[in-house]
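Chemist: Input input34.pdb, format and content: PDB, C-alpha atoms.
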ATOM      1  CA  MET A1014      30.227  63.222-199.359
ATOM      2  CA  SER A1015      32.173  64.382-202.415
ATOM      3  CA  GLY A1016      33.629  67.857-202.843
ATOM      4  CA  ALA A1017      31.004  68.622-205.498
ATOM      5  CA  ASP A1018      28.238  67.599-203.093
ATOM      6  CA  ARG A1019      29.720  69.831-200.376
ATOM      7  CA  ALA A1020      29.934  72.762-202.812
ATOM      8  CA  ALA A1021      26.297  72.264-203.856
ATOM      9  CA  GLU A1022      25.170  72.054-200.217
ATOM     10  CA  GLY A1023      27.141  75.194-199.363
ATOM     11  CA  PHE A1024      25.550  77.015-202.303
ATOM     12  CA  ARG A1025      22.102  75.888-201.152
ATOM     13  CA  ALA A1026      22.796  77.081-197.593
ATOM     14  CA  VAL A1027      23.988  80.534-198.707
ATOM     15  CA  PHE A1028      21.645  81.263-201.634
ATOM     16  CA  GLY A1029      18.528  79.287-200.670
ATOM     17  CA  ALA A1030      18.394  77.044-203.761
ATOM     18  CA  GLY A1031      20.598  74.539-205.501
ATOM     19  CA  PRO A1032      23.139  75.448-208.187
ATOM     20  CA  GLU A1033      22.711  74.647-211.882
ATOM     21  CA  GLY A1034      26.069  72.923-211.772
ATOM     22  CA  VAL A1035      29.356  72.441-209.971
ATOM     23  CA  TRP A1036      32.675  72.776-211.808
ATOM     24  CA  ALA A1037      36.201  71.860-210.713
ATOM     25  CA  ALA A1038      39.657  73.095-211.684
ATOM     26  CA  PRO A1039      42.787  71.249-210.569
ATOM     27  CA  GLY A1040      45.673  73.044-208.916
ATOM     28  CA  ARG A1041      48.753  73.740-211.006
ATOM     29  CA  VAL A1042      52.135  75.388-210.605
ATOM     30  CA  ASN A1043      54.867  76.267-213.105
ATOM     31  CA  LEU A1044      58.112  75.437-211.370
ATOM     32  CA  ILE A1045      60.303  77.310-213.874
ATOM     33  CA  GLY A1046      59.044  80.528-215.442
ATOM     34  CA  GLU A1047      55.703  81.720-216.733
ATOM     35  CA  HIS A1048      56.765  83.169-220.089
ATOM     36  CA  THR A1049      59.758  81.075-221.048
ATOM     37  CA  ASP A1050      57.963  78.242-222.848
ATOM     38  CA  TYR A1051      57.172  80.257-225.987
ATOM     39  CA  ASN A1052      60.748  81.601-226.070
ATOM     40  CA  ASP A1053      62.251  78.103-226.402
ATOM     41  CA  GLY A1054      63.012  78.043-222.696
ATOM     42  CA  PHE A1055      62.330  75.318-220.168
ATOM     43  CA  VAL A1056      59.228  75.054-218.050
ATOM     44  CA  MET A1057      58.064  72.381-215.674
ATOM     45  CA  PRO A1058      54.300  72.544-215.026
ATOM     46  CA  LEU A1059      53.064  70.316-212.216
ATOM     47  CA  ALA A1060      49.569  69.265-211.251
ATOM     48  CA  LEU A1061      48.708  69.699-207.580
ATOM     49  CA  PRO A1062      46.274  67.617-205.525
ATOM     50  CA  HIS A1063      44.297  70.758-204.591
ATOM     51  CA  THR A1064      41.067  71.504-206.452
ATOM     52  CA  CYS A1065      38.993  74.659-206.715
ATOM     53  CA  LEU A1066      35.248  74.004-206.889
ATOM     54  CA  ALA A1067      32.643  76.491-208.106
ATOM     55  CA  ALA A1068      28.892  76.051-207.760
ATOM     56  CA  ALA A1069      26.848  78.472-209.856
ATOM     57  CA  ARG A1070      23.379  79.377-211.034
ATOM     58  CA  ALA A1071      22.409  81.925-213.706
ATOM     59  CA  ARG A1072      20.518  85.086-212.764
ATOM     60  CA  THR A1073      18.321  87.256-214.967
ATOM     61  CA  ASP A1074      18.803  90.608-213.190
ATOM     62  CA  GLY A1075      22.432  91.302-214.198
ATOM     63  CA  VAL A1076      23.679  90.971-210.605
ATOM     64  CA  LEU A1077      26.703  88.851-209.678
ATOM     65  CA  ARG A1078      26.783  87.568-206.087
ATOM     66  CA  LEU A1079      29.837  85.684-204.812
ATOM     67  CA  HIS A1080      30.630  83.759-201.669
ATOM     68  CA  SER A1081      33.761  81.846-200.682
ATOM     69  CA  GLY A1082      33.510  78.888-198.351
ATOM     70  CA  ASP A1083      37.140  79.520-197.314
ATOM     71  CA  ALA A1084      36.771  83.183-196.382
ATOM     72  CA  SER A1085      34.875  84.771-193.534
ATOM     73  CA  GLY A1086      32.150  87.287-194.291
ATOM     74  CA  GLY A1087      28.948  87.342-196.230
ATOM     75  CA  VAL A1088      27.983  87.530-199.849
TER      76      VAL A1088
END
Would you mind giving the structure from this file in structure tokens?

Modeler:
Amino acid sequence: MSGADRAAEGFRAVFGAGPEGVWAAPGRVNLIGEHTDYNDGFVMPLALPHTCLAAARARTDGVLRLHSGDASGGV
């Protein structure tokens, strides 16, 4: 099962219905400085093998409910 499938299943288990979509963002680190690149300094951004996945569905009541699969506790 892919990470996106696991995220969708986790969403379904917590919220009772499937998400509208699942999005992924790769991990990244700047080895040298955050604000030196636009000052003609040196930076060395690196991609990491870690990925953050987010499953989401729109609501119409203005409420935002969040749950992390990596943290204990409820919504």

Chemist: Which residue, A:Trp1036, A:Val1042, A:Gly1087, A:Glu1022, has the smallest gap to Leu1066 (chain A) when you use all atoms listed in the file?

Modeler: A:Trp1036

Chemist: Could you tell me, as an mmCIF file with C-alpha atoms, keeping the file's coordinate frame, exactly which residues end up selected when the PyMOL selection byres ((chain A and resi 1050-1064) around 6) is applied to this structure?

Modeler:
data_model
loop_
_atom_site.group_PDB
_atom_site.id
_atom_site.type_symbol
_atom_site.label_atom_id
_atom_site.label_comp_id
_atom_site.auth_asym_id
_atom_site.auth_seq_id
_atom_site.Cartn_x
_atom_site.Cartn_y
_atom_site.Cartn_z
ATOM 1 C CA ALA A 1038 39.657 73.095 -211.684
ATOM 2 C CA PRO A 1039 42.787 71.249 -210.569
ATOM 3 C CA GLY A 1040 45.673 73.044 -208.916
ATOM 4 C CA ARG A 1041 48.753 73.740 -211.006
ATOM 5 C CA VAL A 1042 52.135 75.388 -210.605
ATOM 6 C CA ASN A 1043 54.867 76.267 -213.105
ATOM 7 C CA LEU A 1044 58.112 75.437 -211.370
ATOM 8 C CA ILE A 1045 60.303 77.310 -213.874
ATOM 9 C CA HIS A 1048 56.765 83.169 -220.089
ATOM 10 C CA THR A 1049 59.758 81.075 -221.048
ATOM 11 C CA CYS A 1065 38.993 74.659 -206.715
#

Chemist: So what does the PyMOL selection byres ((chain A and resi 1081) around 12) actually pick up in this one, as a ChimeraX atom specification?

Modeler: /A:1020,1023-1024,1027,1065-1069,1078-1080,1082-1088

Chemist: Output, as lines of an AutoDock Vina configuration file, the centre and edge lengths in Å (one decimal) of the axis-aligned box that contains all listed atoms of region 1066-1070 of chain A with 5 Å of margin on each side.

Modeler:
center_x = 29.3
center_y = 76.7
center_z = -209.0
size_x = 21.9
size_y = 15.4
size_z = 14.1

Chemist: Measure the distance from CA of Arg1019 (chain A) to CA of Gly1034 (chain A) in Å and round it to one decimal.

Modeler: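 Going from CA of Arg1019 (chain A) over to CA of Gly1034 (chain A) covers 12.4 Å.
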
Chemist: Between CA of Asp1018 (chain A) and CA of Gly1075 (chain A), what distance in Å does the model show, to one decimal?

Modeler: 26.8 Å

Chemist: Could you work out how far CA of Val1035 (chain A) lies from CA of Gly1016 (chain A), giving the answer in Å with one decimal?

Modeler: 9.5 Å
